[in-house]
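Report on the structure given below.
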Amino acid sequence: MERTYIMVKPDGVERGIVGEIIKRFEQRGFQLTALELIHPTKELLEEHYCDLKTKGFFPSLIEYMSSGPVVGMVWTGKDAVKTGRKMLGETNPLNSAPGTIRGDFCIEVGRNICHGSDAVESAEREIALWFPRGVKTVARTHSIHSLF
Ligand code: RTP
C-alpha cells in the first residue's frame, strides 16, 4: 500500500483547519497511519525543502514554516501520493479548483496551509525525516467495503 506525508502548515494549524483536512482524507478512504504536532526547527525544514534551497523564496518559506507548530501525518492507501496532491490543489491557490483544500481555504501561495509529497520516493524520504522512530501500519480490520 502506498503512503504519503501530509503536513498542515502553521497557518492551517492556527486557523483551526486540521480537523477539516483529517476529515477529508478519512472520508476519501485513506488510513491515518501516523500523526504528530511538532514545532519544527529550521534545520529540519531546510532538510525537508532541500530541493528548493536555490529559490529566492527559500528564506521566507523557512521563516513561515518555523513560525509555529505543524501537524505531520502519514496517510496510507491506493495512489495516496497522487490523490493526496489532487485533494490539496495546486501550489498557488489561484490555480486551485474549489473543492480542493487550497481552493477552499486560502488565497496566498506563501500561506497555502498544507503540504503533500509529490512522489512515492519523496514521500518515503519525508516520512523517514519527520518520523525517525518509524511508522507502523496496522492492517485494517474494518474495510470500507464491509458486507454488512
Ligand atoms: P509543498 O511542498 O509545500 O507541498 O508545496 P508544493 O510541492 O506544491 O510546491 P513547492 O514548489 O515544493 O514549494 C514549496 C512551498 O513553497 C512556497 N512557495 N512560495 N513565493 C512563491 O513564489 C512560492 N512558491 C512556492 C509554498 O508554500 C509552497 O507550498
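Just so we're on the same page: first chain in the C-alpha cells is A, next is B, and so on; residues restart at 1 for each chain, and ligands are numbered from 1 in the order they show up.
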
Residues at most 9 Å from stretch 74-88 of chain A, counting only C-alpha atoms, excluding those fewer than 3 positions away in the same chain, as a ChimeraX atom specification? /A:1-7,24-25,29-35,91,96,99-103,114-120,123,127,135,137

Using the selection just defined, write its residues with N, CA, C and O atoms as a tab-separated table (two decimals), in the first residue's frame.
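As written to disk, out26.tsv reads:
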```
chain	number	residue	atom	x	y	z
A	1	MET	N	0.83	-1.21	0.00
A	1	MET	CA	0.00	0.00	0.00
A	1	MET	C	0.87	1.26	0.00
A	1	MET	O	1.87	1.31	0.69
A	2	GLU	N	0.45	2.24	-0.75
A	2	GLU	CA	1.24	3.48	-0.87
A	2	GLU	C	1.01	4.39	0.34
A	2	GLU	O	-0.09	4.44	0.89
A	3	ARG	N	2.08	5.13	0.69
A	3	ARG	CA	1.97	6.08	1.81
A	3	ARG	C	2.35	7.48	1.32
A	3	ARG	O	3.18	7.64	0.43
A	4	THR	N	1.74	8.49	1.94
A	4	THR	CA	2.13	9.86	1.64
A	4	THR	C	2.27	10.64	2.93
A	4	THR	O	1.68	10.28	3.96
A	5	TYR	N	3.10	11.70	2.85
A	5	TYR	CA	3.28	12.57	4.01
A	5	TYR	C	2.50	13.86	3.77
A	5	TYR	O	2.76	14.58	2.80
A	6	ILE	N	1.53	14.12	4.62
A	6	ILE	CA	0.71	15.33	4.53
A	6	ILE	C	1.00	16.16	5.78
A	6	ILE	O	1.00	15.63	6.90
A	7	MET	N	1.22	17.46	5.57
A	7	MET	CA	1.53	18.31	6.73
A	7	MET	C	0.63	19.55	6.69
A	7	MET	O	0.55	20.23	5.66
A	24	ARG	N	-11.31	15.13	5.46
A	24	ARG	CA	-11.33	14.87	4.01
A	24	ARG	C	-10.57	13.61	3.64
A	24	ARG	O	-10.98	12.85	2.77
A	25	PHE	N	-9.41	13.39	4.29
A	25	PHE	CA	-8.62	12.19	3.98
A	25	PHE	C	-9.33	10.94	4.49
A	25	PHE	O	-9.33	9.90	3.83
A	29	GLY	N	-11.24	7.67	2.19
A	29	GLY	CA	-10.96	6.24	2.39
A	29	GLY	C	-9.52	5.93	2.74
A	29	GLY	O	-9.13	4.77	2.78
A	30	PHE	N	-8.71	6.97	3.00
A	30	PHE	CA	-7.32	6.71	3.39
A	30	PHE	C	-7.24	6.38	4.87
A	30	PHE	O	-8.10	6.76	5.67
A	31	GLN	N	-6.16	5.68	5.22
A	31	GLN	CA	-5.96	5.25	6.60
A	31	GLN	C	-4.93	6.15	7.27
A	31	GLN	O	-3.82	6.32	6.75
A	32	LEU	N	-5.30	6.70	8.41
A	32	LEU	CA	-4.36	7.52	9.19
A	32	LEU	C	-3.37	6.58	9.87
A	32	LEU	O	-3.74	5.74	10.67
A	33	THR	N	-2.08	6.77	9.52
A	33	THR	CA	-1.06	5.81	9.95
A	33	THR	C	-0.12	6.42	10.99
A	33	THR	O	0.49	5.71	11.77
A	34	ALA	N	0.02	7.75	10.98
A	34	ALA	CA	0.84	8.44	11.98
A	34	ALA	C	0.41	9.89	12.02
A	34	ALA	O	-0.05	10.44	11.00
A	35	LEU	N	0.54	10.50	13.20
A	35	LEU	CA	0.16	11.92	13.34
A	35	LEU	C	0.97	12.53	14.48
A	35	LEU	O	1.12	11.92	15.53
A	91	THR	N	-0.05	24.40	-6.06
A	91	THR	CA	0.81	25.15	-5.13
A	91	THR	C	0.26	26.56	-4.92
A	91	THR	O	0.16	27.04	-3.80
A	96	SER	N	-6.02	26.68	-7.82
A	96	SER	CA	-6.64	25.54	-7.15
A	96	SER	C	-8.14	25.59	-7.30
A	96	SER	O	-8.78	26.57	-6.93
A	99	GLY	N	-13.22	23.02	-4.00
A	99	GLY	CA	-13.38	21.59	-3.70
A	99	GLY	C	-12.07	20.98	-3.26
A	99	GLY	O	-12.05	19.96	-2.59
A	100	THR	N	-10.95	21.62	-3.66
A	100	THR	CA	-9.65	21.18	-3.14
A	100	THR	C	-9.41	21.94	-1.83
A	100	THR	O	-10.07	22.96	-1.56
A	101	ILE	N	-8.45	21.46	-1.04
A	101	ILE	CA	-8.20	22.10	0.26
A	101	ILE	C	-7.71	23.53	0.06
A	101	ILE	O	-8.24	24.48	0.64
A	102	ARG	N	-6.72	23.70	-0.82
A	102	ARG	CA	-6.23	25.08	-1.05
A	102	ARG	C	-7.28	25.92	-1.78
A	102	ARG	O	-7.40	27.13	-1.51
A	103	GLY	N	-8.05	25.29	-2.66
A	103	GLY	CA	-9.10	26.01	-3.39
A	103	GLY	C	-10.23	26.47	-2.47
A	103	GLY	O	-10.97	27.39	-2.82
A	114	CYS	N	-1.10	23.70	3.57
A	114	CYS	CA	-0.80	22.27	3.67
A	114	CYS	C	0.31	21.87	2.70
A	114	CYS	O	0.56	22.55	1.71
A	115	HIS	N	0.93	20.77	3.01
A	115	HIS	CA	1.97	20.18	2.16
A	115	HIS	C	1.58	18.74	1.86
A	115	HIS	O	1.05	18.05	2.72
A	116	GLY	N	1.90	18.29	0.66
A	116	GLY	CA	1.73	16.88	0.32
A	116	GLY	C	2.88	16.40	-0.53
A	116	GLY	O	3.32	17.11	-1.44
A	117	SER	N	3.39	15.21	-0.25
A	117	SER	CA	4.52	14.66	-1.02
A	117	SER	C	4.18	14.61	-2.50
A	117	SER	O	3.04	14.35	-2.88
A	118	ASP	N	5.21	14.87	-3.34
A	118	ASP	CA	4.95	14.94	-4.79
A	118	ASP	C	5.29	13.65	-5.54
A	118	ASP	O	5.06	13.57	-6.75
A	119	ALA	N	5.88	12.67	-4.85
A	119	ALA	CA	6.22	11.39	-5.49
A	119	ALA	C	6.39	10.34	-4.39
A	119	ALA	O	6.61	10.69	-3.23
A	120	VAL	N	6.32	9.08	-4.79
A	120	VAL	CA	6.44	8.00	-3.80
A	120	VAL	C	7.79	8.07	-3.08
A	120	VAL	O	7.88	7.92	-1.86
A	123	ALA	N	7.85	10.88	-0.65
A	123	ALA	CA	7.00	10.53	0.50
A	123	ALA	C	7.80	9.69	1.49
A	123	ALA	O	7.80	9.97	2.70
A	127	ILE	N	8.72	10.82	5.23
A	127	ILE	CA	8.23	10.02	6.38
A	127	ILE	C	9.41	9.66	7.28
A	127	ILE	O	9.33	9.78	8.50
A	135	VAL	N	7.24	4.21	11.51
A	135	VAL	CA	5.78	4.27	11.45
A	135	VAL	C	5.28	2.85	11.23
A	135	VAL	O	5.78	2.15	10.37
A	137	THR	N	2.24	0.41	10.22
A	137	THR	CA	0.92	0.35	9.59
A	137	THR	C	0.17	-0.87	10.13
A	137	THR	O	0.65	-2.00	10.02
```

Run DSSP on the backbone and give me the residues of stretch 5-108 of chain A it puts in helix (DSSP H, G or I), as JSON, numbers by chain. {"A": [10, 11, 12, 13, 14, 18, 19, 20, 21, 22, 23, 24, 25, 26, 27, 28, 42, 43, 44, 45, 46, 47, 48, 50, 51, 52, 58, 59, 60, 61, 62, 63, 64, 65, 80, 81, 82, 83, 84, 85, 86, 87, 88, 93, 94, 95, 101, 102, 103, 104, 105]}

Serialized selection, C-alpha atoms, as a CSV table (one decimal), in the first residue's frame:
```csv
chain,number,residue,atom,x,y,z
A,10,PRO,CA,1.5,26.8,10.8
A,11,ASP,CA,-1.3,28.9,9.2
A,12,GLY,CA,-3.5,25.9,8.8
A,13,VAL,CA,-3.0,24.9,12.5
A,14,GLU,CA,-3.5,28.5,13.7
A,18,VAL,CA,-6.5,20.5,11.0
A,19,GLY,CA,-9.8,18.6,11.7
A,20,GLU,CA,-11.2,19.6,8.3
A,21,ILE,CA,-8.1,18.2,6.5
A,22,ILE,CA,-8.2,15.0,8.5
A,23,LYS,CA,-11.9,14.6,7.8
A,24,ARG,CA,-11.3,14.9,4.0
A,25,PHE,CA,-8.6,12.2,4.0
A,26,GLU,CA,-10.7,9.9,6.2
A,27,GLN,CA,-13.8,10.5,4.1
A,28,ARG,CA,-11.9,9.6,0.9
A,42,LYS,CA,14.8,25.5,10.8
A,43,GLU,CA,17.3,22.7,10.3
A,44,LEU,CA,14.5,20.1,9.9
A,45,LEU,CA,12.7,22.4,7.5
A,46,GLU,CA,15.8,23.1,5.4
A,47,GLU,CA,16.3,19.3,5.1
A,48,HIS,CA,12.6,18.9,4.1
A,50,CYS,CA,16.4,20.9,0.4
A,51,ASP,CA,15.3,20.8,-3.3
A,52,LEU,CA,14.2,24.5,-3.1
A,58,PHE,CA,13.5,29.8,0.4
A,59,PRO,CA,14.4,32.1,3.4
A,60,SER,CA,10.8,33.3,3.7
A,61,LEU,CA,9.5,29.8,3.3
A,62,ILE,CA,11.7,28.6,6.2
A,63,GLU,CA,10.5,31.6,8.3
A,64,TYR,CA,6.9,30.8,7.6
A,65,MET,CA,7.2,27.1,8.2
A,80,ALA,CA,-2.1,8.0,-1.8
A,81,VAL,CA,0.6,10.3,-3.2
A,82,LYS,CA,-1.2,11.4,-6.4
A,83,THR,CA,-4.7,11.5,-4.9
A,84,GLY,CA,-3.3,13.5,-1.9
A,85,ARG,CA,-1.8,16.1,-4.2
A,86,LYS,CA,-5.2,16.4,-6.1
A,87,MET,CA,-7.0,16.8,-2.8
A,88,LEU,CA,-4.6,19.6,-1.8
A,93,PRO,CA,-4.2,28.8,-4.5
A,94,LEU,CA,-5.1,31.0,-7.5
A,95,ASN,CA,-4.9,27.8,-9.7
A,101,ILE,CA,-8.2,22.1,0.3
A,102,ARG,CA,-6.2,25.1,-1.1
A,103,GLY,CA,-9.1,26.0,-3.4
A,104,ASP,CA,-11.4,26.2,-0.4
A,105,PHE,CA,-9.3,27.7,2.3
```

Using only C-alpha atoms and all ligand atoms, which residue out of A:Ile107, A:Ala128, A:Ile113, A:Ala139 lies closest to ligand 1? A:Ile113

Using DSSP on the backbone, list every residue of stretch 42-119 of chain A that comes out as strand (DSSP E or B), and give them as a PyMOL selection string. chain A and resi 70-76+98+100+114-116

Let me see the file: selected residues, N, CA, C and O atoms, as a short mmCIF file (atom, residue, chain, number, x, y, z; two decimals), in the first residue's frame.
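part10.cif written:
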```cif
data_model
loop_
_atom_site.label_atom_id
_atom_site.label_comp_id
_atom_site.auth_asym_id
_atom_site.auth_seq_id
_atom_site.Cartn_x
_atom_site.Cartn_y
_atom_site.Cartn_z
N VAL A 70 3.28 22.57 13.43
CA VAL A 70 2.68 21.96 12.24
C VAL A 70 2.13 20.59 12.66
O VAL A 70 2.54 20.06 13.69
N VAL A 71 1.21 20.06 11.87
CA VAL A 71 0.72 18.70 12.13
C VAL A 71 1.15 17.82 10.96
O VAL A 71 0.70 18.02 9.83
N GLY A 72 2.05 16.90 11.25
CA GLY A 72 2.55 15.98 10.23
C GLY A 72 1.78 14.67 10.31
O GLY A 72 1.50 14.17 11.41
N MET A 73 1.43 14.14 9.15
CA MET A 73 0.63 12.91 9.13
C MET A 73 1.12 11.98 8.03
O MET A 73 1.59 12.44 7.00
N VAL A 74 0.95 10.70 8.26
CA VAL A 74 1.15 9.71 7.20
C VAL A 74 -0.22 9.11 6.90
O VAL A 74 -0.94 8.69 7.81
N TRP A 75 -0.57 9.14 5.63
CA TRP A 75 -1.83 8.53 5.17
C TRP A 75 -1.50 7.41 4.21
O TRP A 75 -0.64 7.57 3.33
N THR A 76 -2.20 6.30 4.36
CA THR A 76 -1.93 5.10 3.58
C THR A 76 -3.14 4.70 2.75
O THR A 76 -4.27 4.81 3.24
N PRO A 98 -12.07 25.07 -6.65
CA PRO A 98 -12.92 24.91 -5.47
C PRO A 98 -13.19 23.42 -5.25
O PRO A 98 -13.30 22.67 -6.21
N THR A 100 -10.95 21.62 -3.66
CA THR A 100 -9.65 21.18 -3.14
C THR A 100 -9.41 21.94 -1.83
O THR A 100 -10.07 22.96 -1.56
N CYS A 114 -1.10 23.70 3.57
CA CYS A 114 -0.80 22.27 3.67
C CYS A 114 0.31 21.87 2.70
O CYS A 114 0.56 22.55 1.71
N HIS A 115 0.93 20.77 3.01
CA HIS A 115 1.97 20.18 2.16
C HIS A 115 1.58 18.74 1.86
O HIS A 115 1.05 18.05 2.72
N GLY A 116 1.90 18.29 0.66
CA GLY A 116 1.73 16.88 0.32
C GLY A 116 2.88 16.40 -0.53
O GLY A 116 3.32 17.11 -1.44
#
```

Separation of atom CA of A:Arg133 from atom 11 (O, counted along the ligand's line) of ligand 1, in Å and rounded to one decimal: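 A separation of 27.4 Å between them.
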